[in-house]
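Trainee: Pasting work-v9.txt here (compact mmCIF, C-alpha atoms):
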# COMPACT_ATOMS: atom_id res chain seq x y z
CA MET A 841 -157.40 175.96 75.63
CA LYS A 842 -155.37 173.94 73.20
CA VAL A 843 -152.22 175.64 74.49
CA ILE A 844 -153.10 174.66 78.10
CA HIS A 845 -153.69 171.05 77.07
CA LEU A 846 -150.43 171.05 75.15
CA LEU A 847 -148.51 172.44 78.13
CA PHE A 848 -150.16 169.92 80.47
CA GLY A 849 -149.22 167.11 78.13
CA LEU A 850 -145.62 168.25 77.96
CA VAL A 851 -145.37 168.53 81.75
CA ALA A 852 -146.99 165.11 82.24
CA SER A 853 -144.61 163.57 79.74
CA ALA A 854 -141.64 165.15 81.46
CA LEU A 855 -142.78 163.93 84.87
CA ALA A 856 -143.36 160.40 83.54
CA ALA A 857 -139.88 160.37 82.07
CA MET A 858 -138.20 161.52 85.29
CA PRO A 859 -138.08 158.11 87.06
CA PHE A 860 -136.55 156.51 84.00
CA VAL A 861 -133.98 159.29 83.65
CA ALA A 862 -133.13 159.00 87.34
CA LEU A 863 -132.77 155.22 87.03
CA ALA A 864 -130.72 155.57 83.87
CA GLN A 865 -128.40 157.98 85.68
CA ASN A 866 -128.35 155.84 88.84
CA PRO A 867 -129.09 152.32 87.63
CA ILE A 868 -129.58 149.29 89.84
CA VAL A 869 -126.14 147.67 89.96
CA ILE A 870 -125.76 143.89 89.97
CA LYS A 871 -122.26 142.71 90.78
CA PHE A 872 -121.88 139.31 89.11
CA ASN A 873 -118.80 137.46 90.35
CA HIS A 874 -117.40 134.26 88.85
CA VAL A 875 -114.08 132.41 88.97
CA VAL A 876 -113.40 131.34 85.38
CA ALA A 877 -112.07 133.12 82.30
CA VAL A 878 -114.20 135.39 80.12
CA ASP A 879 -113.87 133.09 77.10
CA THR A 880 -115.37 130.01 78.80
CA PRO A 881 -119.04 129.06 78.39
CA LYS A 882 -119.86 130.60 81.79
CA GLY A 883 -117.78 133.70 81.12
CA LEU A 884 -119.39 134.29 77.74
CA ALA A 885 -122.88 133.68 79.13
CA ALA A 886 -122.30 136.15 81.98
CA GLU A 887 -121.31 138.84 79.48
CA PHE A 888 -124.34 137.98 77.34
CA PHE A 889 -126.61 138.33 80.38
CA ALA A 890 -125.08 141.69 81.28
CA LYS A 891 -125.77 142.97 77.77
CA ARG A 892 -129.34 141.69 77.59
CA ALA A 893 -130.18 142.90 81.10
CA GLY A 894 -129.15 146.41 80.13
CA GLU A 895 -131.10 146.26 76.89
CA LEU A 896 -134.32 144.77 78.27
CA THR A 897 -134.45 147.11 81.27
CA ARG A 898 -133.53 150.11 79.07
CA GLY A 899 -130.63 150.99 81.30
CA LYS A 900 -132.43 150.57 84.62
CA VAL A 901 -130.02 147.75 85.51
CA LYS A 902 -126.27 147.66 85.07
CA VAL A 903 -124.62 144.25 85.46
CA GLU A 904 -120.95 144.45 86.37
CA VAL A 905 -119.25 141.12 85.60
CA TYR A 906 -116.11 140.22 87.56
CA ALA A 907 -114.42 137.22 85.91
CA ASN A 908 -111.44 135.07 86.90
CA SER A 909 -111.82 135.62 90.68
CA THR A 910 -110.99 139.33 90.30
CA LEU A 911 -113.50 140.23 93.03
CA TYR A 912 -113.88 137.08 95.13
CA LYS A 913 -112.33 133.62 94.95
CA ASP A 914 -114.55 130.56 95.01
CA LYS A 915 -113.90 130.06 98.74
CA GLU A 916 -115.21 133.55 99.48
CA GLU A 917 -117.93 134.32 96.98
CA MET A 918 -120.83 132.43 98.58
CA GLU A 919 -120.45 134.31 101.85
CA ALA A 920 -120.18 137.57 99.90
CA LEU A 921 -123.49 136.77 98.19
CA GLN A 922 -125.26 135.96 101.45
CA LEU A 923 -123.98 139.21 102.95
CA GLY A 924 -125.22 141.12 99.91
CA VAL A 925 -121.74 142.39 98.96
CA VAL A 926 -122.31 140.84 95.54
CA GLN A 927 -125.75 140.18 94.10
CA MET A 928 -125.17 137.36 91.62
CA LEU A 929 -122.92 134.30 91.27
CA ALA A 930 -122.69 131.23 89.09
CA PRO A 931 -120.89 128.70 91.31
CA SER A 932 -120.37 125.10 90.38
CA LEU A 933 -123.02 122.79 91.75
CA ALA A 934 -120.55 121.25 94.19
CA LYS A 935 -120.44 124.50 96.18
CA PHE A 936 -123.81 124.09 97.92
CA ALA A 937 -122.97 121.20 100.22
CA PRO A 938 -120.95 123.45 102.59
CA LEU A 939 -124.19 125.46 103.01
CA GLY A 940 -125.90 122.31 104.24
CA VAL A 941 -127.66 121.54 100.94
CA ARG A 942 -126.01 118.23 100.10
CA ASP A 943 -128.64 117.31 97.53
CA PHE A 944 -126.75 119.20 94.83
CA GLU A 945 -123.89 116.69 95.11
CA VAL A 946 -126.02 114.35 93.01
CA PHE A 947 -124.57 116.23 90.01
CA ASP A 948 -121.06 115.21 91.10
CA LEU A 949 -121.74 111.48 90.90
CA PRO A 950 -119.56 109.85 88.24
CA TYR A 951 -121.24 108.70 85.04
CA ILE A 952 -124.75 109.56 86.25
CA PHE A 953 -125.40 111.43 82.98
CA ASP A 954 -124.38 109.98 79.63
CA SER A 955 -125.49 112.98 77.58
CA TYR A 956 -126.71 116.57 77.75
CA ALA A 957 -130.19 115.29 76.88
CA GLU A 958 -130.27 113.14 80.03
CA LEU A 959 -128.85 115.95 82.12
CA HIS A 960 -131.41 118.50 80.90
CA LYS A 961 -134.29 116.24 81.92
CA VAL A 962 -133.11 116.93 85.47
CA THR A 963 -131.98 120.57 85.30
CA LYS A 964 -134.97 121.72 83.25
CA GLY A 965 -137.52 119.64 85.12
CA SER A 966 -139.13 119.36 88.51
CA ILE A 967 -136.02 117.94 90.19
CA GLY A 968 -133.96 120.98 89.28
CA GLN A 969 -136.62 123.38 90.56
CA ALA A 970 -137.08 121.42 93.81
CA LEU A 971 -133.34 121.69 94.44
CA PHE A 972 -133.48 125.47 93.97
CA LYS A 973 -136.26 125.69 96.57
CA LYS A 974 -133.85 124.26 99.14
CA LEU A 975 -131.61 127.31 98.74
CA GLU A 976 -134.23 129.88 99.74
CA PRO A 977 -133.87 129.38 103.53
CA LYS A 978 -130.18 130.23 102.98
CA GLY A 979 -131.11 133.61 101.53
CA ILE A 980 -130.48 132.50 97.95
CA ILE A 981 -132.70 132.34 94.87
CA GLY A 982 -131.78 129.93 92.07
CA LEU A 983 -132.41 131.35 88.61
CA ALA A 984 -130.91 128.91 86.12
CA TYR A 985 -128.60 125.99 85.48
CA TRP A 986 -125.77 126.64 83.04
CA ASP A 987 -123.76 123.87 81.42
CA ASN A 988 -120.01 123.81 81.21
CA GLY A 989 -119.36 120.29 80.12
CA PHE A 990 -118.21 116.81 81.01
CA LYS A 991 -114.97 116.43 82.92
CA SER A 992 -111.87 114.50 81.91
CA PHE A 993 -108.75 113.54 83.83
CA SER A 994 -105.35 115.10 83.23
CA ALA A 995 -101.96 114.26 84.73
CA ASN A 996 -98.25 114.14 83.89
CA THR A 997 -98.40 110.40 83.28
CA PRO A 998 -100.61 108.45 80.83
CA ILE A 999 -104.17 107.67 81.94
CA LEU A 1000 -105.41 104.56 80.18
CA MET A 1001 -107.01 102.58 82.99
CA PRO A 1002 -108.30 103.40 86.49
CA ASP A 1003 -105.13 102.03 88.11
CA ASP A 1004 -103.10 104.73 86.33
CA LEU A 1005 -104.38 107.27 88.87
CA GLN A 1006 -103.41 105.17 91.88
CA GLY A 1007 -101.34 107.23 94.31
CA ARG A 1008 -101.70 110.42 92.25
CA LYS A 1009 -102.54 113.64 94.11
CA MET A 1010 -105.63 114.89 92.27
CA ARG A 1011 -107.19 118.33 92.72
CA ILE A 1012 -110.91 118.39 93.42
CA GLN A 1013 -113.56 120.91 94.38
CA PRO A 1014 -114.89 120.78 97.94
CA SER A 1015 -117.23 117.79 97.57
CA SER A 1016 -117.51 114.58 99.53
CA VAL A 1017 -118.67 112.85 96.35
CA LEU A 1018 -115.57 113.93 94.44
CA ASP A 1019 -113.42 112.91 97.41
CA ALA A 1020 -115.01 109.44 97.29
CA GLN A 1021 -114.59 109.34 93.51
CA MET A 1022 -110.83 109.86 93.74
CA ARG A 1023 -110.49 107.36 96.57
CA ALA A 1024 -112.38 104.79 94.46
CA LEU A 1025 -109.55 105.20 91.94
CA LYS A 1026 -107.00 104.89 94.79
CA ALA A 1027 -105.94 108.47 94.08
CA ILE A 1028 -105.28 111.08 96.78
CA PRO A 1029 -107.86 113.92 96.66
CA ARG A 1030 -106.64 117.46 97.30
CA MET A 1031 -109.18 120.29 97.65
CA LEU A 1032 -107.93 123.55 96.12
CA ALA A 1033 -109.52 126.81 95.03
CA PHE A 1034 -109.86 126.97 91.26
CA SER A 1035 -107.60 130.03 91.04
CA GLU A 1036 -104.78 128.07 92.71
CA VAL A 1037 -104.82 125.01 90.45
CA TYR A 1038 -102.42 126.17 87.72
CA GLN A 1039 -99.62 126.97 90.17
CA ALA A 1040 -100.31 123.78 92.15
CA LEU A 1041 -99.92 121.73 88.97
CA LYS A 1042 -96.83 123.67 87.90
CA ASN A 1043 -95.15 123.27 91.28
CA GLY A 1044 -96.09 119.62 91.74
CA ILE A 1045 -98.35 120.23 94.73
CA VAL A 1046 -100.89 118.12 92.86
CA ASP A 1047 -100.23 115.60 90.09
CA GLY A 1048 -103.41 116.04 88.14
CA THR A 1049 -106.97 117.24 88.03
CA GLU A 1050 -110.37 116.86 86.36
CA ASN A 1051 -111.99 119.54 84.23
CA PRO A 1052 -114.14 120.21 81.22
CA ILE A 1053 -111.79 121.07 78.38
CA SER A 1054 -112.76 124.76 78.33
CA ASN A 1055 -111.43 125.18 81.88
CA LEU A 1056 -108.28 123.18 81.18
CA TYR A 1057 -107.55 125.29 78.12
CA THR A 1058 -108.47 128.80 79.29
CA GLN A 1059 -106.60 128.36 82.58
CA LYS A 1060 -103.57 127.07 80.60
CA MET A 1061 -103.46 123.84 82.59
CA PHE A 1062 -102.53 122.05 79.37
CA GLU A 1063 -99.16 123.83 79.56
CA VAL A 1064 -98.30 122.12 82.85
CA GLN A 1065 -99.89 118.70 82.22
CA LYS A 1066 -98.62 116.17 79.70
CA HIS A 1067 -101.56 113.78 79.39
CA LEU A 1068 -105.33 114.10 79.00
CA ALA A 1069 -107.77 111.17 78.94
CA LEU A 1070 -111.22 112.01 77.56
CA THR A 1071 -113.01 109.98 80.22
CA GLU A 1072 -115.99 112.39 80.41
CA HIS A 1073 -116.69 110.73 83.74
CA GLY A 1074 -118.56 113.57 85.43
CA TYR A 1075 -120.53 116.71 84.80
CA LEU A 1076 -119.55 120.24 85.72
CA GLY A 1077 -122.32 122.77 85.65
CA TYR A 1078 -123.27 125.96 87.40
CA ALA A 1079 -126.27 127.43 89.19
CA VAL A 1080 -126.89 131.11 88.57
CA ILE A 1081 -128.00 132.45 91.94
CA VAL A 1082 -128.91 135.81 93.46
CA ASN A 1083 -129.21 137.27 96.93
CA LYS A 1084 -132.86 136.69 97.91
CA ARG A 1085 -133.33 139.98 99.75
CA PHE A 1086 -131.97 141.92 96.77
CA TRP A 1087 -134.07 139.97 94.26
CA ASP A 1088 -137.28 140.38 96.23
CA SER A 1089 -136.66 144.12 96.55
CA LEU A 1090 -136.59 144.69 92.79
CA PRO A 1091 -139.60 146.28 91.08
CA ALA A 1092 -141.77 143.54 89.57
CA ASP A 1093 -141.29 144.79 86.00
CA VAL A 1094 -137.50 144.90 86.38
CA ARG A 1095 -137.45 141.43 87.88
CA GLY A 1096 -139.51 140.13 84.96
CA GLN A 1097 -137.14 141.71 82.45
CA LEU A 1098 -134.15 140.15 84.21
CA GLU A 1099 -135.87 136.76 84.19
CA THR A 1100 -136.28 137.10 80.42
CA ALA A 1101 -132.62 138.05 80.07
CA MET A 1102 -131.67 135.01 82.16
CA LYS A 1103 -133.78 132.65 80.03
CA GLU A 1104 -132.08 133.95 76.89
CA SER A 1105 -128.66 133.69 78.53
CA THR A 1106 -129.32 130.13 79.64
CA ARG A 1107 -130.19 129.06 76.10
CA TYR A 1108 -127.04 130.79 74.91
CA ALA A 1109 -124.86 129.22 77.63
CA ASN A 1110 -126.11 125.71 77.00
CA ASP A 1111 -125.92 126.05 73.22
CA ILE A 1112 -122.28 127.10 73.27
CA ALA A 1113 -121.04 124.71 76.00
CA LYS A 1114 -120.27 121.69 73.81
CA GLU A 1115 -119.17 123.87 70.91
CA GLN A 1116 -116.69 125.73 73.13
CA ASN A 1117 -115.28 122.55 74.65
CA ASP A 1118 -114.83 120.98 71.20
CA LYS A 1119 -113.08 124.12 69.98
CA ASP A 1120 -110.78 124.23 73.01
CA LEU A 1121 -109.96 120.52 72.66
CA GLU A 1122 -108.79 121.17 69.12
CA ALA A 1123 -106.63 124.03 70.42
CA VAL A 1124 -105.11 121.75 73.07
CA ARG A 1125 -104.28 119.18 70.40
CA LYS A 1126 -102.75 121.81 68.12
CA SER A 1127 -100.57 123.15 70.93
CA GLY A 1128 -98.56 119.93 70.94
CA LYS A 1129 -98.06 120.31 74.68
CA MET A 1130 -100.44 117.58 75.78
CA GLN A 1131 -101.08 114.07 74.55
CA VAL A 1132 -104.81 113.42 74.24
CA HIS A 1133 -106.09 109.88 74.72
CA VAL A 1134 -109.57 108.75 73.70
CA PRO A 1135 -110.49 105.71 75.82
CA THR A 1136 -111.58 102.56 74.06
CA ALA A 1137 -114.96 101.06 74.91
CA GLU A 1138 -113.21 98.59 77.22
CA GLN A 1139 -111.25 101.33 78.99
CA ARG A 1140 -114.36 103.45 79.45
CA GLN A 1141 -116.21 100.47 80.89
CA ALA A 1142 -113.33 99.88 83.31
CA PHE A 1143 -113.62 103.46 84.58
CA LYS A 1144 -117.39 103.07 84.95
CA LYS A 1145 -117.06 99.85 86.96
CA ALA A 1146 -114.47 101.48 89.21
CA LEU A 1147 -116.56 104.59 89.83
CA ILE A 1148 -120.22 103.56 89.91
CA PRO A 1149 -119.91 102.10 93.44
CA VAL A 1150 -119.57 105.73 94.59
CA HIS A 1151 -123.32 106.10 93.93
CA LYS A 1152 -124.16 103.53 96.60
CA GLU A 1153 -121.54 104.89 98.97
CA MET A 1154 -123.00 108.42 98.74
CA GLU A 1155 -126.67 107.38 98.73
CA SER A 1156 -127.27 108.16 102.42
CA ARG A 1157 -125.55 111.55 102.09
CA ILE A 1158 -127.37 112.72 98.97
CA GLY A 1159 -130.67 111.01 99.65
CA LYS A 1160 -131.91 107.72 98.29
CA ASP A 1161 -135.20 109.19 97.05
CA LEU A 1162 -133.42 111.94 95.11
CA LEU A 1163 -130.99 109.48 93.57
CA GLN A 1164 -133.79 107.15 92.50
CA SER A 1165 -135.71 110.11 91.04
CA VAL A 1166 -132.72 111.03 88.88
CA TYR A 1167 -132.34 107.40 87.76
CA ARG A 1168 -136.00 107.31 86.72
CA GLU A 1169 -135.71 110.60 84.85
CA THR A 1170 -132.59 109.64 82.90
CA GLY A 1171 -133.10 105.89 82.58
CA PHE A 1172 -129.76 105.17 84.23
CA ASP A 1173 -129.47 101.75 85.86
CA PRO A 1174 -126.22 101.01 87.71
CA ALA A 1175 -127.14 97.31 87.85
CA ARG A 1176 -126.70 97.03 84.07
CA LEU A 1177 -122.95 97.70 84.23
Can you turn what I pasted into structure tokens?
Mentor:
Amino acid sequence: MKVIHLLFGLVASALAAMPFVALAQNPIVIKFNHVVAVDTPKGLAAEFFAKRAGELTRGKVKVEVYANSTLYKDKEEMEALQLGVVQMLAPSLAKFAPLGVRDFEVFDLPYIFDSYAELHKVTKGSIGQALFKKLEPKGIIGLAYWDNGFKSFSANTPILMPDDLQGRKMRIQPSSVLDAQMRALKAIPRMLAFSEVYQALKNGIVDGTENPISNLYTQKMFEVQKHLALTEHGYLGYAVIVNKRFWDSLPADVRGQLETAMKESTRYANDIAKEQNDKDLEAVRKSGKMQVHVPTAEQRQAFKKALIPVHKEMESRIGKDLLQSVYRETGFDPARL
């Protein structure tokens, strides 16, 4: 009798193990496409997520990360996600307006956040979650907001005051807010895919750009730009998103494990963002190829006064109620400038 029980136990154990073995041999594959270098905050966080997803699901999920536009460029990746050709992206927040969700352009407004603390009140709170809900009719689930950093202007000529960008052809992401921002500075906005910016700067197709330092450094833009002004005039962050049909089809336990991996990855991404940008700024300085200017209080105020009118100009596009909600959350008051 004991032998029968023992044999039954062994067979039951083997049968219970079979689904896991099958999944381990044929794991659920998540193709995670992004357009920046591996050693940026987003690139590092994507690799961290891939590792933790594999560990927490015990091999049931394999995340394949495609960095630096090796699978899809930023003009193509959103359509690829909606078609289910890739399962996960981390596009910049400016990329949702072409889908008809203009609300996300609130993050593009110049000087709307003075610190990460103010920013996180929005991304970690009810406003951030309400914005994600607007993506679901598009077949997209929003999982997390990842920081990159605050943007600064670069060009081949010194940037001390707003007028220094007058007439300059400046690369921007596809965003009506960023278009208005450059026009407020009397610059000429030029929309270009991120993967095309280095060559455009090198060949003089554009005169300058705006980026967090980690992007400027890892894409080697500092080699083809002579001047950087640490204006920190705008925020660049990402939304980690997945194909809704794919996400909903996952077993509940696997989805829960991936949510845990994403929470850990988000903490990691946001913890390293400022650290990485500070490290890359030091590397830019040490290269000797770019002159770095830290604006005085008066110069920074001049940039703010030139750019804050963009908030009012874009109010009807983004939504007055949303804009006022962000102001209340962060304590920002444009009237105080």
Trainee: Using all atoms listed in the file, determine which residues lie at most 9 Å from A:Gly979, disregarding the query and same-chain residues fewer than 6 positions distant; provide the list as a PyMOL selection string.
Mentor: chain A and resi 921-922+1082-1085
Trainee: Skipping near chain neighbours, those fewer than 6 positions away, what residues fall within 9 Å of A:Gly1159 using only C-alpha atoms, listed as a list in words?
Mentor: Arg942, Asp943 and Val946 of chain A
Trainee: Residues within 7 Å of stretch 1090-1100 of chain A, please, as a ChimeraX atom specification. Count only C-alpha atoms; anything in the same chain fewer than 6 positions from it doesn't count.
Mentor: /A:893,896-897
Trainee: May I ask for the distance between atom CA of A:Glu887 and atom CA of A:Ile1112, given in Å to one decimal place?
Mentor: 13.3 Å
Trainee: What's around A:Gly940 at 10 Å? Count all atoms listed in the file, leave out sequence neighbours fewer than 5 positions away in its own chain, and write the answer as a tab-separated table (two decimals) with C-alpha atoms, in the coordinates of the input.
Mentor:
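Final file, result00.tsv:
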chain	number	residue	atom	x	y	z
A	935	LYS	CA	-120.44	124.50	96.18
A	974	LYS	CA	-133.85	124.26	99.14
A	975	LEU	CA	-131.61	127.31	98.74
A	978	LYS	CA	-130.18	130.23	102.98
Trainee: Give me, please, the distance in Å between atom CA of A:Ala937 and atom CA of A:Leu971, quoted to one decimal.
Mentor: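 Here the two named atoms are 11.9 Å from each other.
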Trainee: I'd like the neighbourhood of A:Ser994 as a list in words, where a residue qualifies if any of its atoms comes within 9 Å (using all atoms listed in the file), though same-chain residues fewer than 5 positions away should be ignored.
Mentor: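 Non-adjacent residues within range: Ile999, Asp1047, Gly1048, Thr1049, Glu1050, Asn1051, Leu1056, Met1061, Phe1062, Gln1065, Lys1066, His1067, Leu1068, Ala1069 and Leu1070 of chain A.
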Trainee: Grab the atom CA of A:Glu1072 to atom CA of A:Asn908 distance for me, in Å with one decimal place.
Mentor: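 That distance, rounded to one decimal, is 24.0 Å.
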Trainee: Could you give me, as an MDAnalysis selection string, the residues that have an atom at most 6 Å away from the point (-118.7, 131.3, 86.5) in the coordinates of the file, using all atoms listed in the file?
Mentor: chainID A and resid 874:876 882:883 930:931
Trainee: Residues around (-115.0, 100.4, 88.5), cut-off 12 Å, counting only C-alpha atoms - what are they as an MDAnalysis selection string?
Mentor: chainID A and resid 950:951 1001:1003 1021:1026 1073 1138:1151 1174 1177
Trainee: Restricting the output to C-alpha atoms, write the selected residues as a PDB file, keeping the file's coordinate frame.
Mentor:
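Result file selection21.pdb:
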ATOM      1  CA  PRO A 950    -119.560 109.850  88.240  1.00  0.00           C
ATOM      2  CA  TYR A 951    -121.240 108.700  85.040  1.00  0.00           C
ATOM      3  CA  MET A1001    -107.010 102.580  82.990  1.00  0.00           C
ATOM      4  CA  PRO A1002    -108.300 103.400  86.490  1.00  0.00           C
ATOM      5  CA  ASP A1003    -105.130 102.030  88.110  1.00  0.00           C
ATOM      6  CA  GLN A1021    -114.590 109.340  93.510  1.00  0.00           C
ATOM      7  CA  MET A1022    -110.830 109.860  93.740  1.00  0.00           C
ATOM      8  CA  ARG A1023    -110.490 107.360  96.570  1.00  0.00           C
ATOM      9  CA  ALA A1024    -112.380 104.790  94.460  1.00  0.00           C
ATOM     10  CA  LEU A1025    -109.550 105.200  91.940  1.00  0.00           C
ATOM     11  CA  LYS A1026    -107.000 104.890  94.790  1.00  0.00           C
ATOM     12  CA  HIS A1073    -116.690 110.730  83.740  1.00  0.00           C
ATOM     13  CA  GLU A1138    -113.210  98.590  77.220  1.00  0.00           C
ATOM     14  CA  GLN A1139    -111.250 101.330  78.990  1.00  0.00           C
ATOM     15  CA  ARG A1140    -114.360 103.450  79.450  1.00  0.00           C
ATOM     16  CA  GLN A1141    -116.210 100.470  80.890  1.00  0.00           C
ATOM     17  CA  ALA A1142    -113.330  99.880  83.310  1.00  0.00           C
ATOM     18  CA  PHE A1143    -113.620 103.460  84.580  1.00  0.00           C
ATOM     19  CA  LYS A1144    -117.390 103.070  84.950  1.00  0.00           C
ATOM     20  CA  LYS A1145    -117.060  99.850  86.960  1.00  0.00           C
ATOM     21  CA  ALA A1146    -114.470 101.480  89.210  1.00  0.00           C
ATOM     22  CA  LEU A1147    -116.560 104.590  89.830  1.00  0.00           C
ATOM     23  CA  ILE A1148    -120.220 103.560  89.910  1.00  0.00           C
ATOM     24  CA  PRO A1149    -119.910 102.100  93.440  1.00  0.00           C
ATOM     25  CA  VAL A1150    -119.570 105.730  94.590  1.00  0.00           C
ATOM     26  CA  HIS A1151    -123.320 106.100  93.930  1.00  0.00           C
ATOM     27  CA  PRO A1174    -126.220 101.010  87.710  1.00  0.00           C
ATOM     28  CA  LEU A1177    -122.950  97.700  84.230  1.00  0.00           C
TER      29      LEU A1177
END
Trainee: Box for stretch 1077-1084 of chain A - axis-aligned, 4 Å on each of the six sides, all listed atoms - centre and size in Å to one decimal, as lines of an AutoDock Vina configuration file.
Mentor:
center_x = -127.6
center_y = 130.0
center_z = 91.8
size_x = 18.5
size_y = 22.5
size_z = 20.3
Trainee: When you count only C-alpha atoms, which of these residues is closest to A:Val1017: A:Tyr956, A:Glu895, A:Ile870, A:Phe944?
Mentor: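 The answer is A:Phe944, which sits nearest to A:Val1017.
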Trainee: Could you list, with a cut-off of 6 Å and counting all atoms listed in the file, the residues of stretch 888-987 of chain A near stretch 1076-1081 of chain A, each shown with its nearest atom pair and the distance in Å rounded to one decimal, rows sorted by chain and ascending number, as a tab-separated table?
Mentor:
residue	atom	partner	partner_atom	distance
A:Met928	CA	A:Ile1081	CA	5.7
A:Leu929	CA	A:Ile1081	CA	5.4
A:Ala930	CA	A:Val1080	CA	4.2
A:Pro931	CA	A:Tyr1078	CA	5.3
A:Ser932	CA	A:Tyr1078	CA	4.2
A:Leu933	CA	A:Tyr1078	CA	5.4
A:Ile981	CA	A:Ile1081	CA	5.5
A:Gly982	CA	A:Ile1081	CA	4.5
A:Leu983	CA	A:Val1080	CA	5.5
A:Ala984	CA	A:Val1080	CA	5.2
A:Tyr985	CA	A:Ala1079	CA	4.6
A:Trp986	CA	A:Tyr1078	CA	5.1
A:Asp987	CA	A:Gly1077	CA	4.6
